[in-house]
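Peer 1: Sharing protein39.txt here; it has compact mmCIF, C-alpha atoms.
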# COMPACT_ATOMS: atom_id res chain seq x y z
CA MET A 1079 -8.79 -2.78 9.92
CA GLN A 1080 -10.27 -3.85 6.58
CA GLN A 1081 -8.21 -5.88 4.21
CA PRO A 1082 -7.77 -4.37 0.77
CA GLN A 1083 -9.90 -5.82 -2.01
CA HIS A 1084 -7.93 -7.78 -4.60
CA HIS A 1085 -9.17 -7.11 -8.09
CA THR A 1086 -8.70 -9.55 -10.91
CA HIS A 1087 -9.02 -6.70 -13.38
CA ASP A 1088 -8.19 -3.03 -13.76
CA CYS A 1089 -11.16 -0.93 -12.60
CA ALA A 1090 -9.72 2.24 -14.14
CA ARG A 1091 -9.50 0.52 -17.52
CA ILE A 1092 -13.11 -0.71 -17.21
CA HIS A 1093 -14.28 2.85 -16.41
CA ALA A 1094 -12.27 4.25 -19.33
CA LEU A 1095 -13.75 1.68 -21.73
CA ALA A 1096 -17.26 2.37 -20.44
CA ALA A 1097 -16.73 6.09 -21.04
CA LEU A 1098 -15.63 5.40 -24.62
CA ILE A 1099 -18.67 3.17 -25.15
CA ASP A 1100 -20.98 5.81 -23.68
CA GLY A 1101 -19.45 8.37 -26.04
CA ASP A 1102 -20.09 6.02 -28.98
CA ALA A 1103 -16.34 5.78 -29.61
CA ILE A 1104 -16.45 2.05 -30.29
CA ASP A 1105 -13.38 2.08 -32.55
CA ALA A 1106 -11.38 3.82 -29.83
CA ALA A 1107 -12.68 1.32 -27.26
CA LEU A 1108 -11.63 -1.56 -29.51
CA GLU A 1109 -8.18 -0.04 -29.90
CA ALA A 1110 -8.02 0.36 -26.11
CA GLY A 1111 -8.62 -3.38 -25.70
CA LEU A 1112 -12.37 -3.66 -25.28
CA MET A 1113 -12.51 -7.26 -26.46
CA GLU A 1114 -9.46 -8.38 -24.48
CA VAL A 1115 -10.39 -6.91 -21.10
CA ARG A 1116 -11.65 -9.30 -18.45
CA VAL A 1117 -14.84 -8.09 -16.79
CA ASP A 1118 -15.52 -9.00 -13.17
CA ALA A 1119 -19.23 -8.44 -12.52
CA SER A 1120 -18.75 -8.98 -8.80
CA CYS A 1121 -16.46 -5.97 -8.37
CA SER A 1122 -18.38 -3.32 -6.44
CA ASP A 1123 -15.99 -0.55 -7.57
CA CYS A 1124 -16.93 -0.79 -11.23
CA ALA A 1125 -20.08 -2.94 -11.42
CA THR A 1126 -22.10 -0.52 -13.56
CA ALA A 1127 -19.23 0.20 -15.92
CA ALA A 1128 -18.42 -3.51 -16.09
CA GLN A 1129 -22.00 -4.26 -17.14
CA ARG A 1130 -21.80 -1.73 -19.98
CA VAL A 1131 -18.44 -3.14 -21.11
CA ALA A 1132 -19.72 -6.73 -20.95
CA ALA A 1133 -22.86 -5.75 -22.89
CA ALA A 1134 -20.75 -4.05 -25.57
CA GLN A 1135 -18.50 -7.13 -25.83
CA ALA A 1136 -21.52 -9.42 -26.21
CA ARG A 1137 -23.13 -7.11 -28.79
CA LEU A 1138 -19.93 -6.95 -30.85
CA ARG A 1139 -19.40 -10.72 -30.74
CA PHE A 1140 -23.01 -11.26 -31.86
CA ASN A 1141 -22.68 -8.71 -34.68
CA TRP A 1142 -19.37 -10.13 -35.87
CA ALA A 1143 -20.81 -13.64 -35.94
CA ALA A 1144 -23.83 -12.36 -37.89
CA ARG A 1145 -21.52 -10.64 -40.37
CA GLU A 1146 -19.57 -13.88 -40.87
CA ARG A 1147 -22.82 -15.81 -41.41
CA TYR A 1148 -23.92 -13.19 -43.95
CA ARG A 1149 -20.59 -13.36 -45.80
CA ALA A 1150 -20.70 -17.17 -45.86
CA ARG A 1151 -24.28 -17.10 -47.14
CA THR A 1152 -23.40 -14.58 -49.85
CA ALA A 1153 -20.43 -16.67 -50.98
CA ARG A 1154 -22.58 -19.82 -50.98
CA LEU A 1155 -25.32 -18.11 -53.07
CA GLN A 1156 -22.74 -16.76 -55.54
CA ARG A 1157 -21.19 -20.21 -55.90
CA ARG A 1158 -24.60 -21.81 -56.49
CA ALA A 1159 -25.52 -19.15 -59.05
CA ALA A 1160 -22.25 -19.74 -60.91
CA GLU A 1161 -22.86 -23.50 -60.89
CA ARG A 1162 -26.41 -22.98 -62.21
CA GLN A 1163 -25.12 -20.64 -64.91
CA ALA A 1164 -22.48 -23.17 -65.93
CA ARG A 1165 -25.12 -25.90 -66.24
CA ARG A 1166 -27.36 -23.63 -68.35
CA ALA A 1167 -24.58 -22.52 -70.69
CA PRO A 1168 -25.00 -23.97 -74.18
CA ALA A 1169 -22.54 -26.61 -75.26
CA PRO A 1170 -19.75 -25.16 -77.34
CA ILE A 1171 -20.21 -25.54 -81.09
CA LEU A 1172 -17.42 -27.69 -82.47
CA THR A 1173 -15.93 -27.36 -85.92
CA GLU A 1174 -15.73 -30.43 -88.15
CA THR A 1175 -12.07 -30.94 -87.23
CA GLU A 1176 -12.84 -30.67 -83.52
CA THR A 1177 -15.76 -33.06 -83.92
CA LYS A 1178 -13.49 -35.68 -85.43
CA THR A 1179 -11.06 -35.38 -82.53
CA VAL A 1180 -13.84 -35.61 -79.97
CA THR A 1181 -14.89 -39.21 -80.32
CA ALA A 1182 -16.81 -41.59 -78.17
CA PRO A 1183 -14.71 -43.80 -75.95
CA SER A 1184 -13.33 -46.72 -77.95
CA LEU A 1185 -15.09 -50.05 -77.70
CA PRO A 1186 -13.44 -53.15 -76.34
CA PRO A 1187 -11.85 -55.14 -79.23
CA ALA A 1188 -14.37 -58.01 -79.09
CA VAL A 1189 -17.33 -55.61 -79.22
CA ALA A 1190 -15.75 -53.61 -82.05
CA ALA A 1191 -15.21 -56.81 -84.07
CA ALA A 1192 -18.81 -57.93 -83.51
CA LEU A 1193 -20.09 -54.52 -84.60
CA ALA A 1194 -17.93 -54.60 -87.72
CA ARG A 1195 -19.31 -58.06 -88.63
CA ALA A 1196 -22.88 -56.88 -88.11
CA LYS A 1197 -22.29 -53.83 -90.32
CA ALA A 1198 -20.77 -56.04 -93.02
CA ARG A 1199 -23.77 -58.42 -92.94
CA ALA A 1200 -26.18 -55.49 -93.13
CA ALA A 1201 -24.32 -54.01 -96.09
CA ALA A 1202 -24.29 -57.40 -97.90
CA ARG A 1203 -28.06 -57.84 -97.69
CA PRO A 1204 -29.94 -57.08 -100.86
CA GLY A 1205 -32.05 -53.92 -100.67
CA SER A 1206 -29.82 -52.12 -98.23
Once more with this new file: its structure as structure tokens, please.

Peer 2:
Amino acid sequence: MQQPQHHTHDCARIHALAALIDGDAIDAALEAGLMEVRVDASCSDCATAAQRVAAAQARLRFNWAARERYRARTARLQRRAAERQARRAPAPILTETETKTVTAPSLPPAVAAALARAKARAAARPGS
């Protein structure tokens, strides 16, 4: 007497998924658990169906990864374009009041004193 084969998966489910795939009902196959089902290629009861299910799983994983790469690339290109645009944008035109408030960083006290003395000497020279 032969011992019954022990399957590590549900052959009926594999056949049902393969039928959905063959009928181009990929959304229905996904809802039925296409990506979660474990395929056992060594099962003689559903080997052909298991191959079709495994191929569909691989194809979907590849396509989803490609879509993610495309989305990441698009986001990266948009970010770079925005950065380029920001660098090319003209500097804002400041009013006289704004210009007075936007000053260069203040000098250290010793440097400021030396500059003031130099300006005073230059102003005191005849012909200036």

Peer 1: Between atom CA of Arg1139 of chain A and atom CA of Cys1121 of chain A, what is the distance, to one decimal in Å?

Peer 2: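 The value is 23.1 Å.
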
Peer 1: So what do you get for atom CA of Arg1149 of chain A versus atom CA of Val1115 of chain A, distance-wise?

Peer 2: 27.5 Å

Peer 1: If I take atom CA of Ala1167 of chain A and atom CA of Ala1153 of chain A, how far is one from the other in Å, to one decimal?

Peer 2: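 The value is 21.0 Å.
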
Peer 1: Neighbours of His1093 of chain A within 12 Å (all atoms listed in the file; same-chain residues fewer than 4 positions away dropped), as a ChimeraX atom specification?

Peer 2: /A:1087-1089,1097-1100,1107,1110,1112,1115,1117,1123-1132

Peer 1: May I have the residues from that selection written out with C-alpha atoms, as a PDB file, keeping the file's coordinate frame?

Peer 2:
ATOM      1  CA  HIS A1087      -9.020  -6.700 -13.380  1.00  0.00           C
ATOM      2  CA  ASP A1088      -8.190  -3.030 -13.760  1.00  0.00           C
ATOM      3  CA  CYS A1089     -11.160  -0.930 -12.600  1.00  0.00           C
ATOM      4  CA  ALA A1097     -16.730   6.090 -21.040  1.00  0.00           C
ATOM      5  CA  LEU A1098     -15.630   5.400 -24.620  1.00  0.00           C
ATOM      6  CA  ILE A1099     -18.670   3.170 -25.150  1.00  0.00           C
ATOM      7  CA  ASP A1100     -20.980   5.810 -23.680  1.00  0.00           C
ATOM      8  CA  ALA A1107     -12.680   1.320 -27.260  1.00  0.00           C
ATOM      9  CA  ALA A1110      -8.020   0.360 -26.110  1.00  0.00           C
ATOM     10  CA  LEU A1112     -12.370  -3.660 -25.280  1.00  0.00           C
ATOM     11  CA  VAL A1115     -10.390  -6.910 -21.100  1.00  0.00           C
ATOM     12  CA  VAL A1117     -14.840  -8.090 -16.790  1.00  0.00           C
ATOM     13  CA  ASP A1123     -15.990  -0.550  -7.570  1.00  0.00           C
ATOM     14  CA  CYS A1124     -16.930  -0.790 -11.230  1.00  0.00           C
ATOM     15  CA  ALA A1125     -20.080  -2.940 -11.420  1.00  0.00           C
ATOM     16  CA  THR A1126     -22.100  -0.520 -13.560  1.00  0.00           C
ATOM     17  CA  ALA A1127     -19.230   0.200 -15.920  1.00  0.00           C
ATOM     18  CA  ALA A1128     -18.420  -3.510 -16.090  1.00  0.00           C
ATOM     19  CA  GLN A1129     -22.000  -4.260 -17.140  1.00  0.00           C
ATOM     20  CA  ARG A1130     -21.800  -1.730 -19.980  1.00  0.00           C
ATOM     21  CA  VAL A1131     -18.440  -3.140 -21.110  1.00  0.00           C
ATOM     22  CA  ALA A1132     -19.720  -6.730 -20.950  1.00  0.00           C
TER      23      ALA A1132
END

Peer 1: Add whatever atoms are absent from segment 1151-1172 of chain A to reach N, CA and C atoms, and provide the output as a PDB file, in the coordinates of the input.

Peer 2:
ATOM      1  N   ARG A1151     -23.063 -16.893 -46.353  1.00  0.00           N
ATOM      2  CA  ARG A1151     -24.280 -17.100 -47.140  1.00  0.00           C
ATOM      3  C   ARG A1151     -24.129 -16.461 -48.522  1.00  0.00           C
ATOM      4  N   THR A1152     -23.597 -15.252 -48.573  1.00  0.00           N
ATOM      5  CA  THR A1152     -23.400 -14.580 -49.850  1.00  0.00           C
ATOM      6  C   THR A1152     -22.463 -15.372 -50.755  1.00  0.00           C
ATOM      7  N   ALA A1153     -21.376 -15.864 -50.195  1.00  0.00           N
ATOM      8  CA  ALA A1153     -20.430 -16.670 -50.980  1.00  0.00           C
ATOM      9  C   ALA A1153     -21.095 -17.950 -51.474  1.00  0.00           C
ATOM     10  N   ARG A1154     -21.891 -18.585 -50.607  1.00  0.00           N
ATOM     11  CA  ARG A1154     -22.580 -19.820 -50.980  1.00  0.00           C
ATOM     12  C   ARG A1154     -23.577 -19.541 -52.110  1.00  0.00           C
ATOM     13  N   LEU A1155     -24.352 -18.449 -52.016  1.00  0.00           N
ATOM     14  CA  LEU A1155     -25.320 -18.110 -53.070  1.00  0.00           C
ATOM     15  C   LEU A1155     -24.616 -17.780 -54.378  1.00  0.00           C
ATOM     16  N   GLN A1156     -23.491 -17.081 -54.314  1.00  0.00           N
ATOM     17  CA  GLN A1156     -22.740 -16.760 -55.540  1.00  0.00           C
ATOM     18  C   GLN A1156     -22.199 -18.034 -56.188  1.00  0.00           C
ATOM     19  N   ARG A1157     -21.706 -18.958 -55.366  1.00  0.00           N
ATOM     20  CA  ARG A1157     -21.190 -20.210 -55.900  1.00  0.00           C
ATOM     21  C   ARG A1157     -22.300 -21.001 -56.576  1.00  0.00           C
ATOM     22  N   ARG A1158     -23.465 -21.076 -55.908  1.00  0.00           N
ATOM     23  CA  ARG A1158     -24.600 -21.810 -56.490  1.00  0.00           C
ATOM     24  C   ARG A1158     -25.067 -21.165 -57.789  1.00  0.00           C
ATOM     25  N   ALA A1159     -25.103 -19.845 -57.830  1.00  0.00           N
ATOM     26  CA  ALA A1159     -25.520 -19.150 -59.050  1.00  0.00           C
ATOM     27  C   ALA A1159     -24.538 -19.433 -60.190  1.00  0.00           C
ATOM     28  N   ALA A1160     -23.262 -19.446 -59.881  1.00  0.00           N
ATOM     29  CA  ALA A1160     -22.250 -19.740 -60.910  1.00  0.00           C
ATOM     30  C   ALA A1160     -22.398 -21.181 -61.396  1.00  0.00           C
ATOM     31  N   GLU A1161     -22.670 -22.100 -60.485  1.00  0.00           N
ATOM     32  CA  GLU A1161     -22.860 -23.500 -60.890  1.00  0.00           C
ATOM     33  C   GLU A1161     -24.095 -23.638 -61.769  1.00  0.00           C
ATOM     34  N   ARG A1162     -25.185 -22.941 -61.403  1.00  0.00           N
ATOM     35  CA  ARG A1162     -26.410 -22.980 -62.210  1.00  0.00           C
ATOM     36  C   ARG A1162     -26.144 -22.397 -63.591  1.00  0.00           C
ATOM     37  N   GLN A1163     -25.439 -21.289 -63.637  1.00  0.00           N
ATOM     38  CA  GLN A1163     -25.120 -20.640 -64.910  1.00  0.00           C
ATOM     39  C   GLN A1163     -24.275 -21.565 -65.777  1.00  0.00           C
ATOM     40  N   ALA A1164     -23.335 -22.254 -65.172  1.00  0.00           N
ATOM     41  CA  ALA A1164     -22.480 -23.170 -65.930  1.00  0.00           C
ATOM     42  C   ALA A1164     -23.300 -24.329 -66.503  1.00  0.00           C
ATOM     43  N   ARG A1165     -24.273 -24.805 -65.733  1.00  0.00           N
ATOM     44  CA  ARG A1165     -25.120 -25.900 -66.240  1.00  0.00           C
ATOM     45  C   ARG A1165     -26.025 -25.423 -67.374  1.00  0.00           C
ATOM     46  N   ARG A1166     -26.444 -24.165 -67.330  1.00  0.00           N
ATOM     47  CA  ARG A1166     -27.360 -23.630 -68.350  1.00  0.00           C
ATOM     48  C   ARG A1166     -26.629 -23.185 -69.611  1.00  0.00           C
ATOM     49  N   ALA A1167     -25.344 -23.004 -69.537  1.00  0.00           N
ATOM     50  CA  ALA A1167     -24.580 -22.520 -70.690  1.00  0.00           C
ATOM     51  C   ALA A1167     -24.693 -23.525 -71.827  1.00  0.00           C
ATOM     52  N   PRO A1168     -24.901 -23.042 -73.048  1.00  0.00           N
ATOM     53  CA  PRO A1168     -25.000 -23.970 -74.180  1.00  0.00           C
ATOM     54  C   PRO A1168     -23.662 -24.670 -74.407  1.00  0.00           C
ATOM     55  N   ALA A1169     -23.760 -25.859 -74.947  1.00  0.00           N
ATOM     56  CA  ALA A1169     -22.540 -26.610 -75.260  1.00  0.00           C
ATOM     57  C   ALA A1169     -21.797 -25.876 -76.361  1.00  0.00           C
ATOM     58  N   PRO A1170     -20.501 -25.867 -76.297  1.00  0.00           N
ATOM     59  CA  PRO A1170     -19.750 -25.160 -77.340  1.00  0.00           C
ATOM     60  C   PRO A1170     -19.969 -25.835 -78.697  1.00  0.00           C
ATOM     61  N   ILE A1171     -20.032 -25.021 -79.734  1.00  0.00           N
ATOM     62  CA  ILE A1171     -20.210 -25.540 -81.090  1.00  0.00           C
ATOM     63  C   ILE A1171     -18.831 -25.916 -81.620  1.00  0.00           C
ATOM     64  N   LEU A1172     -18.706 -27.177 -82.012  1.00  0.00           N
ATOM     65  CA  LEU A1172     -17.420 -27.690 -82.470  1.00  0.00           C
ATOM     66  C   LEU A1172     -17.333 -27.629 -83.981  1.00  0.00           C
TER      67      LEU A1172
END
